[in-house]
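Raw final_31.pdb, PDB, C-alpha atoms:
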MODEL        1
ATOM      1  CA  TYR A   1      21.318-202.273 -48.268
ATOM      2  CA  THR A   2      20.646-205.898 -47.240
ATOM      3  CA  ASP A   3      17.158-207.294 -47.742
ATOM      4  CA  PRO A   4      16.324-209.087 -44.462
ATOM      5  CA  SER A   5      14.100-211.620 -46.189
ATOM      6  CA  THR A   6      16.710-212.735 -48.723
ATOM      7  CA  SER A   7      19.984-211.545 -47.262
ATOM      8  CA  CYS A   8      20.753-210.003 -50.640
ATOM      9  CA  THR A   9      22.757-206.760 -50.636
ATOM     10  CA  ASN A  10      23.014-203.919 -53.093
ATOM     11  CA  THR A  11      24.300-200.299 -53.045
ATOM     12  CA  ASP A  12      23.589-196.894 -54.546
ATOM     13  CA  THR A  13      25.822-193.830 -54.514
ATOM     14  CA  LEU A  14      25.061-190.154 -53.714
ATOM     15  CA  LEU A  15      27.547-187.435 -54.534
ATOM     16  CA  ALA A  16      27.935-184.742 -51.824
ATOM     17  CA  ILE A  17      29.280-181.776 -53.766
ATOM     18  CA  VAL A  18      30.898-179.489 -51.217
ATOM     19  CA  LEU A  19      31.372-175.930 -52.500
ATOM     20  CA  ALA A  20      33.188-173.041 -50.935
ATOM     21  CA  PRO A  21      30.606-170.580 -49.533
ATOM     22  CA  PRO A  22      30.341-167.267 -51.404
ATOM     23  CA  VAL A  23      32.715-164.556 -50.238
ATOM     24  CA  ILE A  24      30.594-161.604 -49.221
ATOM     25  CA  ASP A  25      31.367-158.189 -47.824
ATOM     26  CA  ALA A  26      28.993-155.846 -46.026
ATOM     27  CA  GLY A  27      31.442-153.004 -46.593
ATOM     28  CA  SER A  28      33.563-150.909 -44.276
ATOM     29  CA  ASP A  29      32.139-149.355 -41.134
ATOM     30  CA  VAL A  30      30.489-146.008 -41.831
ATOM     31  CA  SER A  31      30.460-142.800 -39.776
ATOM     32  CA  VAL A  32      27.999-139.965 -40.482
ATOM     33  CA  CYS A  33      26.646-136.884 -38.724
ATOM     34  CA  GLU A  34      23.146-136.750 -37.300
ATOM     35  CA  ASP A  35      22.017-134.198 -39.875
ATOM     36  CA  THR A  36      22.607-136.752 -42.650
ATOM     37  CA  THR A  37      19.253-137.622 -44.229
ATOM     38  CA  SER A  38      19.969-141.235 -45.202
ATOM     39  CA  VAL A  39      22.721-143.767 -45.914
ATOM     40  CA  THR A  40      22.706-146.580 -48.469
ATOM     41  CA  MET A  41      24.719-149.603 -47.400
ATOM     42  CA  LEU A  42      26.388-151.476 -50.285
ATOM     43  CA  GLY A  43      26.966-155.220 -49.957
ATOM     44  CA  SER A  44      28.960-157.472 -52.269
ATOM     45  CA  PRO A  45      28.003-159.462 -54.270
ATOM     46  CA  VAL A  46      24.798-157.600 -55.061
ATOM     47  CA  GLY A  47      21.507-159.375 -54.557
ATOM     48  CA  GLY A  48      21.726-160.128 -50.863
ATOM     49  CA  LEU A  49      19.416-158.944 -48.114
ATOM     50  CA  TRP A  50      19.990-156.464 -45.299
ATOM     51  CA  SER A  51      18.584-156.637 -41.796
ATOM     52  CA  GLY A  52      18.775-154.620 -38.595
ATOM     53  CA  ASN A  53      17.268-151.462 -37.048
ATOM     54  CA  GLY A  54      14.814-150.575 -39.795
ATOM     55  CA  ILE A  55      17.150-150.796 -42.802
ATOM     56  CA  ASN A  56      15.485-151.494 -46.151
ATOM     57  CA  GLY A  57      16.186-155.176 -46.739
ATOM     58  CA  SER A  58      16.538-155.044 -50.502
ATOM     59  CA  THR A  59      18.053-151.594 -51.157
ATOM     60  CA  GLY A  60      20.181-151.122 -48.021
ATOM     61  CA  LEU A  61      18.687-147.647 -47.534
ATOM     62  CA  TYR A  62      18.685-146.458 -43.915
ATOM     63  CA  ALA A  63      16.987-143.242 -42.784
ATOM     64  CA  VAL A  64      19.260-141.663 -40.187
ATOM     65  CA  SER A  65      17.438-140.645 -37.029
ATOM     66  CA  ASN A  66      19.142-140.875 -33.663
ATOM     67  CA  VAL A  67      22.748-140.638 -32.526
ATOM     68  CA  GLY A  68      24.364-143.985 -31.767
ATOM     69  CA  ASN A  69      25.994-147.131 -33.173
ATOM     70  CA  TYR A  70      23.958-149.477 -35.367
ATOM     71  CA  THR A  71      24.938-152.933 -36.647
ATOM     72  CA  PHE A  72      23.493-154.152 -39.951
ATOM     73  CA  THR A  73      23.748-157.708 -41.300
ATOM     74  CA  TYR A  74      24.149-158.567 -44.988
ATOM     75  CA  THR A  75      22.992-162.073 -45.958
ATOM     76  CA  TYR A  76      23.722-163.796 -49.251
ATOM     77  CA  GLY A  77      23.148-167.322 -50.622
ATOM     78  CA  THR A  78      20.789-170.172 -49.670
ATOM     79  CA  GLY A  79      20.760-173.352 -47.658
ATOM     80  CA  THR A  80      24.098-174.368 -46.198
ATOM     81  CA  CYS A  81      25.719-171.770 -48.468
ATOM     82  CA  LEU A  82      23.895-168.959 -46.711
ATOM     83  CA  VAL A  83      26.549-166.565 -45.315
ATOM     84  CA  THR A  84      26.441-163.252 -43.491
ATOM     85  CA  ASP A  85      28.646-160.258 -42.815
ATOM     86  CA  GLN A  86      28.115-157.252 -40.575
ATOM     87  CA  VAL A  87      28.866-153.539 -40.763
ATOM     88  CA  THR A  88      28.555-150.821 -38.117
ATOM     89  CA  LEU A  89      27.037-147.410 -38.766
ATOM     90  CA  THR A  90      28.031-144.679 -36.295
ATOM     91  CA  VAL A  91      25.779-141.616 -36.160
ATOM     92  CA  ASN A  92      27.671-138.762 -34.496
ATOM     93  CA  ALA A  93      26.040-135.816 -32.746
ATOM     94  CA  LEU A  94      26.575-132.324 -34.117
ATOM     95  CA  PRO A  95      28.900-130.112 -32.063
ATOM     96  CA  VAL A  96      27.265-127.597 -29.733
ATOM     97  CA  VAL A  97      28.255-124.203 -31.120
ATOM     98  CA  GLY A  98      27.790-120.733 -29.632
ATOM     99  CA  ALA A  99      28.339-117.392 -31.347
ATOM    100  CA  GLY A 100      27.743-115.410 -28.158
ATOM    101  CA  SER A 101      24.986-113.008 -27.162
ATOM    102  CA  ASP A 102      23.599-110.325 -29.455
ATOM    103  CA  VAL A 103      25.600-107.119 -29.134
ATOM    104  CA  SER A 104      25.607-103.490 -30.267
ATOM    105  CA  TYR A 105      28.458-101.122 -31.126
ATOM    106  CA  CYS A 106      28.779 -97.500 -32.121
ATOM    107  CA  VAL A 107      29.877 -97.067 -35.704
ATOM    108  CA  ASP A 108      33.179 -95.517 -34.570
ATOM    109  CA  ALA A 109      33.952 -98.232 -31.983
ATOM    110  CA  GLY A 110      36.872 -99.633 -34.007
ATOM    111  CA  LEU A 111      37.730-103.293 -34.562
ATOM    112  CA  GLN A 112      35.964-105.716 -32.226
ATOM    113  CA  THR A 113      36.940-109.337 -31.543
ATOM    114  CA  LEU A 114      34.066-111.823 -31.525
ATOM    115  CA  VAL A 115      34.540-115.023 -29.516
ATOM    116  CA  GLY A 116      32.744-118.230 -30.482
ATOM    117  CA  SER A 117      32.750-121.625 -28.839
ATOM    118  CA  PRO A 118      34.312-124.091 -29.235
ATOM    119  CA  LEU A 119      37.419-122.252 -30.328
ATOM    120  CA  GLY A 120      38.757-122.959 -33.795
ATOM    121  CA  GLY A 121      35.699-122.159 -35.907
ATOM    122  CA  VAL A 122      35.286-119.546 -38.632
ATOM    123  CA  TRP A 123      33.180-116.395 -38.883
ATOM    124  CA  SER A 124      31.229-115.054 -41.827
ATOM    125  CA  GLY A 125      28.947-112.110 -42.493
ATOM    126  CA  THR A 126      28.974-108.384 -43.159
ATOM    127  CA  GLY A 127      31.679-106.558 -41.220
ATOM    128  CA  ILE A 128      33.893-109.618 -40.618
ATOM    129  CA  THR A 129      37.458-108.708 -41.610
ATOM    130  CA  ASN A 130      39.230-111.858 -40.370
ATOM    131  CA  VAL A 131      37.271-115.115 -40.508
ATOM    132  CA  SER A 132      39.507-117.059 -38.112
ATOM    133  CA  SER A 133      40.150-114.455 -35.415
ATOM    134  CA  GLY A 134      36.614-113.022 -35.502
ATOM    135  CA  LEU A 135      37.566-109.394 -36.137
ATOM    136  CA  TYR A 136      34.485-107.283 -36.809
ATOM    137  CA  ASP A 137      34.598-103.695 -38.117
ATOM    138  CA  PRO A 138      31.457-101.635 -37.371
ATOM    139  CA  GLN A 139      32.666 -98.895 -39.715
ATOM    140  CA  SER A 140      32.828-101.193 -42.730
ATOM    141  CA  ALA A 141      29.577-102.911 -41.762
ATOM    142  CA  GLY A 142      27.716 -99.605 -41.595
ATOM    143  CA  VAL A 143      24.763 -98.554 -39.483
ATOM    144  CA  GLY A 144      22.121-101.293 -39.186
ATOM    145  CA  VAL A 145      21.700-104.859 -37.955
ATOM    146  CA  ASP A 146      24.015-107.602 -39.233
ATOM    147  CA  THR A 147      23.580-111.355 -38.875
ATOM    148  CA  VAL A 148      27.011-112.900 -38.315
ATOM    149  CA  VAL A 149      27.541-116.683 -38.411
ATOM    150  CA  TYR A 150      30.033-118.800 -36.443
ATOM    151  CA  SER A 151      30.671-122.276 -37.901
ATOM    152  CA  TYR A 152      32.631-125.106 -36.306
ATOM    153  CA  VAL A 153      33.696-128.552 -37.564
ATOM    154  CA  ASP A 154      34.564-131.185 -34.935
ATOM    155  CA  GLY A 155      36.863-134.209 -35.082
ATOM    156  CA  ASN A 156      34.108-136.347 -36.637
ATOM    157  CA  SER A 157      33.804-133.857 -39.520
ATOM    158  CA  CYS A 158      30.392-132.825 -38.212
ATOM    159  CA  GLU A 159      29.580-129.154 -38.680
ATOM    160  CA  ASN A 160      27.226-126.860 -36.821
ATOM    161  CA  SER A 161      26.780-123.107 -36.629
ATOM    162  CA  ASP A 162      25.225-120.343 -34.561
ATOM    163  CA  THR A 163      24.318-116.753 -35.375
ATOM    164  CA  VAL A 164      24.638-113.492 -33.482
ATOM    165  CA  LEU A 165      22.896-110.221 -34.263
ATOM    166  CA  ILE A 166      25.165-107.170 -34.235
ATOM    167  CA  THR A 167      23.545-103.751 -34.152
ATOM    168  CA  VAL A 168      25.694-100.880 -35.386
ATOM    169  CA  ASN A 169      24.409 -97.552 -34.071
ATOM    170  CA  GLY A 170      25.070 -94.255 -35.777
ATOM    171  CA  LEU A 171      26.555 -91.295 -33.950
ATOM    172  CA  PRO A 172      24.384 -88.441 -32.716
ATOM    173  CA  THR A 173      24.718 -85.099 -34.522
ATOM    174  CA  PRO A 174      25.099 -82.444 -31.826
ATOM    175  CA  SER A 175      25.349 -78.758 -32.630
ATOM    176  CA  ALA A 176      27.513 -76.325 -30.698
ATOM    177  CA  GLY A 177      25.876 -73.367 -32.449
ATOM    178  CA  LEU A 178      27.356 -70.659 -34.650
ATOM    179  CA  ASP A 179      30.840 -69.243 -34.169
ATOM    180  CA  THR A 180      30.625 -66.129 -32.040
ATOM    181  CA  ASN A 181      32.554 -62.846 -31.640
ATOM    182  CA  LEU A 182      33.163 -61.598 -28.126
ATOM    183  CA  CYS A 183      35.083 -58.732 -26.606
ATOM    184  CA  ASN A 184      37.910 -59.444 -24.239
ATOM    185  CA  GLN A 185      36.084 -58.394 -21.102
ATOM    186  CA  LEU A 186      35.225 -60.434 -18.035
ATOM    187  CA  ILE A 187      31.645 -60.794 -19.155
ATOM    188  CA  SER A 188      30.479 -64.424 -19.109
ATOM    189  CA  VAL A 189      28.139 -65.948 -21.666
ATOM    190  CA  THR A 190      26.209 -69.208 -21.350
ATOM    191  CA  LEU A 191      26.579 -71.444 -24.365
ATOM    192  CA  SER A 192      23.663 -73.584 -25.523
ATOM    193  CA  GLY A 193      24.295 -76.791 -27.474
ATOM    194  CA  SER A 194      21.746 -79.202 -28.841
ATOM    195  CA  PRO A 195      20.472 -81.730 -28.068
ATOM    196  CA  ALA A 196      20.411 -80.571 -24.456
ATOM    197  CA  ASN A 197      22.305 -82.227 -21.610
ATOM    198  CA  GLY A 198      25.668 -82.396 -23.344
ATOM    199  CA  THR A 199      28.917 -81.143 -21.855
ATOM    200  CA  TRP A 200      31.290 -78.341 -22.885
ATOM    201  CA  SER A 201      35.064 -78.294 -22.819
ATOM    202  CA  GLY A 202      37.740 -75.791 -23.752
ATOM    203  CA  SER A 203      39.760 -72.929 -22.283
ATOM    204  CA  GLY A 204      37.577 -70.541 -20.271
ATOM    205  CA  ILE A 205      34.631 -72.996 -19.962
ATOM    206  CA  THR A 206      33.168 -73.655 -16.524
ATOM    207  CA  LEU A 207      30.340 -75.876 -15.334
ATOM    208  CA  GLY A 208      27.080 -75.466 -17.214
ATOM    209  CA  GLY A 209      28.692 -74.220 -20.410
ATOM    210  CA  VAL A 210      29.600 -70.782 -19.043
ATOM    211  CA  TYR A 211      32.385 -69.171 -21.061
ATOM    212  CA  THR A 212      34.406 -66.191 -19.906
ATOM    213  CA  PRO A 213      36.854 -64.516 -22.332
ATOM    214  CA  ASN A 214      40.416 -64.373 -21.109
ATOM    215  CA  GLY A 215      42.633 -62.924 -23.775
ATOM    216  CA  VAL A 216      42.389 -61.894 -27.400
ATOM    217  CA  GLY A 217      42.386 -64.789 -29.915
ATOM    218  CA  THR A 218      40.319 -67.697 -31.192
ATOM    219  CA  THR A 219      39.321 -70.488 -28.811
ATOM    220  CA  SER A 220      37.765 -73.826 -29.838
ATOM    221  CA  LEU A 221      34.888 -74.726 -27.537
ATOM    222  CA  VAL A 222      33.740 -78.337 -27.899
ATOM    223  CA  TYR A 223      30.198 -79.594 -27.234
ATOM    224  CA  ASN A 224      30.130 -83.298 -26.374
ATOM    225  CA  TYR A 225      26.840 -85.215 -26.489
ATOM    226  CA  THR A 226      26.078 -88.864 -25.675
ATOM    227  CA  ASP A 227      22.874 -90.410 -27.019
ATOM    228  CA  PRO A 228      21.221 -92.039 -23.967
ATOM    229  CA  SER A 229      19.556 -94.734 -26.098
ATOM    230  CA  THR A 230      22.774 -96.009 -27.729
ATOM    231  CA  SER A 231      25.590 -94.597 -25.555
ATOM    232  CA  CYS A 232      27.211 -93.312 -28.749
ATOM    233  CA  THR A 233      29.061 -90.006 -28.469
ATOM    234  CA  ASN A 234      29.851 -87.220 -30.907
ATOM    235  CA  THR A 235      31.088 -83.643 -30.722
ATOM    236  CA  ASP A 236      30.728 -80.315 -32.457
ATOM    237  CA  THR A 237      33.007 -77.293 -32.163
ATOM    238  CA  LEU A 238      32.241 -73.609 -31.822
ATOM    239  CA  LEU A 239      34.893 -70.932 -32.392
ATOM    240  CA  ALA A 240      34.887 -68.147 -29.823
ATOM    241  CA  ILE A 241      36.647 -65.231 -31.516
ATOM    242  CA  VAL A 242      37.753 -62.850 -28.771
ATOM    243  CA  LEU A 243      38.494 -59.300 -29.930
ATOM    244  CA  ALA A 244      39.988 -56.379 -28.096
ATOM    245  CA  PRO A 245      37.236 -53.973 -27.044
ATOM    246  CA  PRO A 246      37.221 -50.561 -28.771
ATOM    247  CA  VAL A 247      39.258 -47.822 -27.113
ATOM    248  CA  ILE A 248      36.907 -44.990 -26.299
ATOM    249  CA  ASP A 249      37.368 -41.610 -24.698
TER
ENDMDL
END
Write the structure described by the file as structure tokens, please.
Amino acid sequence: YTDPSTSCTNTDTLLAIVLAPPVIDAGSDVSVCEDTTSVTMLGSPVGGLWSGNGINGSTGLYAVSNVGNYTFTYTYGTGTCLVTDQVTLTVNALPVVGAGSDVSYCVDAGLQTLVGSPLGGVWSGTGITNVSSGLYDPQSAGVGVDTVVYSYVDGNSCENSDTVLITVNGLPTPSAGLDTNLCNQLISVTLSGSPANGTWSGSGITLGGVYTPNGVGTTSLVYNYTDPSTSCTNTDTLLAIVLAPPVID
């Protein structure tokens, strides 16, 4: 500095100490599913502050809400040594999963194949005999209502599930009546099974359950009944024992 009144000059020195800024890291990008409750972002070194879309500035805690991409900024240091880094949080939607409509089977229906969507999920629940192919066995499940679950994991590792109610109906218990002895004469008898409105089958049976003997021997006459409320069918058998009539004179 030169004093203008005396033209005398003097100096003073200031040291500018230039430091490398701190190396910080907001972490790797994060991907979660929308059913995740919260995520805690971890910055390095510790002690910095977070900002962006409602994140807790001091703890890095973020309450997951909506699907989308969110950018958070981590700030560390002061003054000209204040530095920042960013990280992206991706919130992925859960897959849309369908287990199909509720269904009912008769207990003797045999193995059934359940189809869920998207393909490639797994099944669980009473009566499921193959979790990947969706085979369901009403016989092993037993009469009643079963809740079966279809679960699917998508390419983002997000999982969702859907349920289907399966009703297993028991078979009706028809009765063809007691075995009967008849003589081998062209005399027709009308058979009566219960419950009513079933159908008869067998040698010598005509419409309406009318049986006419036609030869000595034992004939199996089958009464078939379908329960109108469940469409399940069962049968019972009556033995018609046809004897030769007595020889009289």
Residues picked by the PyMOL selection byres ((chain A and resi 66-77) around 8) here, as a VMD selection string?
-> chain A and resid 22 24 to 26 34 43 45 47 to 53 55 64 to 65 78 to 79 81 to 93
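Straight-line separation from CA of Leu94 in chain A to CA of Gly155 in chain A: 10.5 Å.
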How many Å separate CA of Leu42 in chain A from CA of Gly27 in chain A?
->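 Computed distance, CA of Leu42 in chain A to CA of Gly27 in chain A, equals 6.4 Å.
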In file coordinates, which residues lie within 12 Å of (31.6, -75.2, -24.1) using only C-alpha atoms, given as a ChimeraX atom specification?
-> /A:175-177,179,188-194,197-212,219-225,235-240
Within 6 Å of Tyr1 in chain A, counting all atoms listed in the file, which residues qualify if same-chain residues fewer than 3 places away don't, as a list in words?
->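 My reading of the contact set: Thr9, Asn10 and Thr11 of chain A.
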Could you pull the residues within 8 Å of Gly170 in chain A, counting all atoms listed in the file, minus those fewer than 6 positions along the same chain, as a PyMOL selection string?
-> chain A and resi 106-107+143+232
Generate a file of the selected residues that holds C-alpha atoms, formatted as a short mmCIF file (atom, residue, chain, number, x, y, z; two decimals), in the coordinates of the input.
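Everything below was put into result_25.cif:
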data_model
loop_
_atom_site.label_atom_id
_atom_site.label_comp_id
_atom_site.auth_asym_id
_atom_site.auth_seq_id
_atom_site.Cartn_x
_atom_site.Cartn_y
_atom_site.Cartn_z
CA CYS A 106 28.78 -97.50 -32.12
CA VAL A 107 29.88 -97.07 -35.70
CA VAL A 143 24.76 -98.55 -39.48
CA CYS A 232 27.21 -93.31 -28.75
#
Identify the residues around (37.1, -115.6, -41.5) within a radius of 12 Å, measuring from only C-alpha atoms in the coordinates stated by the file, and give them as a list in words.
->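 Output of the proximity query reads Thr113, Leu114, Gly120, Gly121, Val122, Trp123, Ser124, Gly125, Thr126, Gly127, Ile128, Thr129, Asn130, Val131, Ser132, Ser133, Gly134, Leu135, Tyr136, Val148, Val149, Tyr150, Ser151 and Tyr152 of chain A.
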Residue selection dump (C-alpha atoms) as a PDB file, keeping the file's coordinate frame:
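Final file, part.pdb:
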ATOM      1  CA  THR A 113      36.940-109.337 -31.543  1.00  0.00           C
ATOM      2  CA  LEU A 114      34.066-111.823 -31.525  1.00  0.00           C
ATOM      3  CA  GLY A 120      38.757-122.959 -33.795  1.00  0.00           C
ATOM      4  CA  GLY A 121      35.699-122.159 -35.907  1.00  0.00           C
ATOM      5  CA  VAL A 122      35.286-119.546 -38.632  1.00  0.00           C
ATOM      6  CA  TRP A 123      33.180-116.395 -38.883  1.00  0.00           C
ATOM      7  CA  SER A 124      31.229-115.054 -41.827  1.00  0.00           C
ATOM      8  CA  GLY A 125      28.947-112.110 -42.493  1.00  0.00           C
ATOM      9  CA  THR A 126      28.974-108.384 -43.159  1.00  0.00           C
ATOM     10  CA  GLY A 127      31.679-106.558 -41.220  1.00  0.00           C
ATOM     11  CA  ILE A 128      33.893-109.618 -40.618  1.00  0.00           C
ATOM     12  CA  THR A 129      37.458-108.708 -41.610  1.00  0.00           C
ATOM     13  CA  ASN A 130      39.230-111.858 -40.370  1.00  0.00           C
ATOM     14  CA  VAL A 131      37.271-115.115 -40.508  1.00  0.00           C
ATOM     15  CA  SER A 132      39.507-117.059 -38.112  1.00  0.00           C
ATOM     16  CA  SER A 133      40.150-114.455 -35.415  1.00  0.00           C
ATOM     17  CA  GLY A 134      36.614-113.022 -35.502  1.00  0.00           C
ATOM     18  CA  LEU A 135      37.566-109.394 -36.137  1.00  0.00           C
ATOM     19  CA  TYR A 136      34.485-107.283 -36.809  1.00  0.00           C
ATOM     20  CA  VAL A 148      27.011-112.900 -38.315  1.00  0.00           C
ATOM     21  CA  VAL A 149      27.541-116.683 -38.411  1.00  0.00           C
ATOM     22  CA  TYR A 150      30.033-118.800 -36.443  1.00  0.00           C
ATOM     23  CA  SER A 151      30.671-122.276 -37.901  1.00  0.00           C
ATOM     24  CA  TYR A 152      32.631-125.106 -36.306  1.00  0.00           C
TER      25      TYR A 152
END
Between CA of Thr233 in chain A and CA of Tyr105 in chain A, measure the distance and give it in Å to one decimal.
-> 11.4 Å
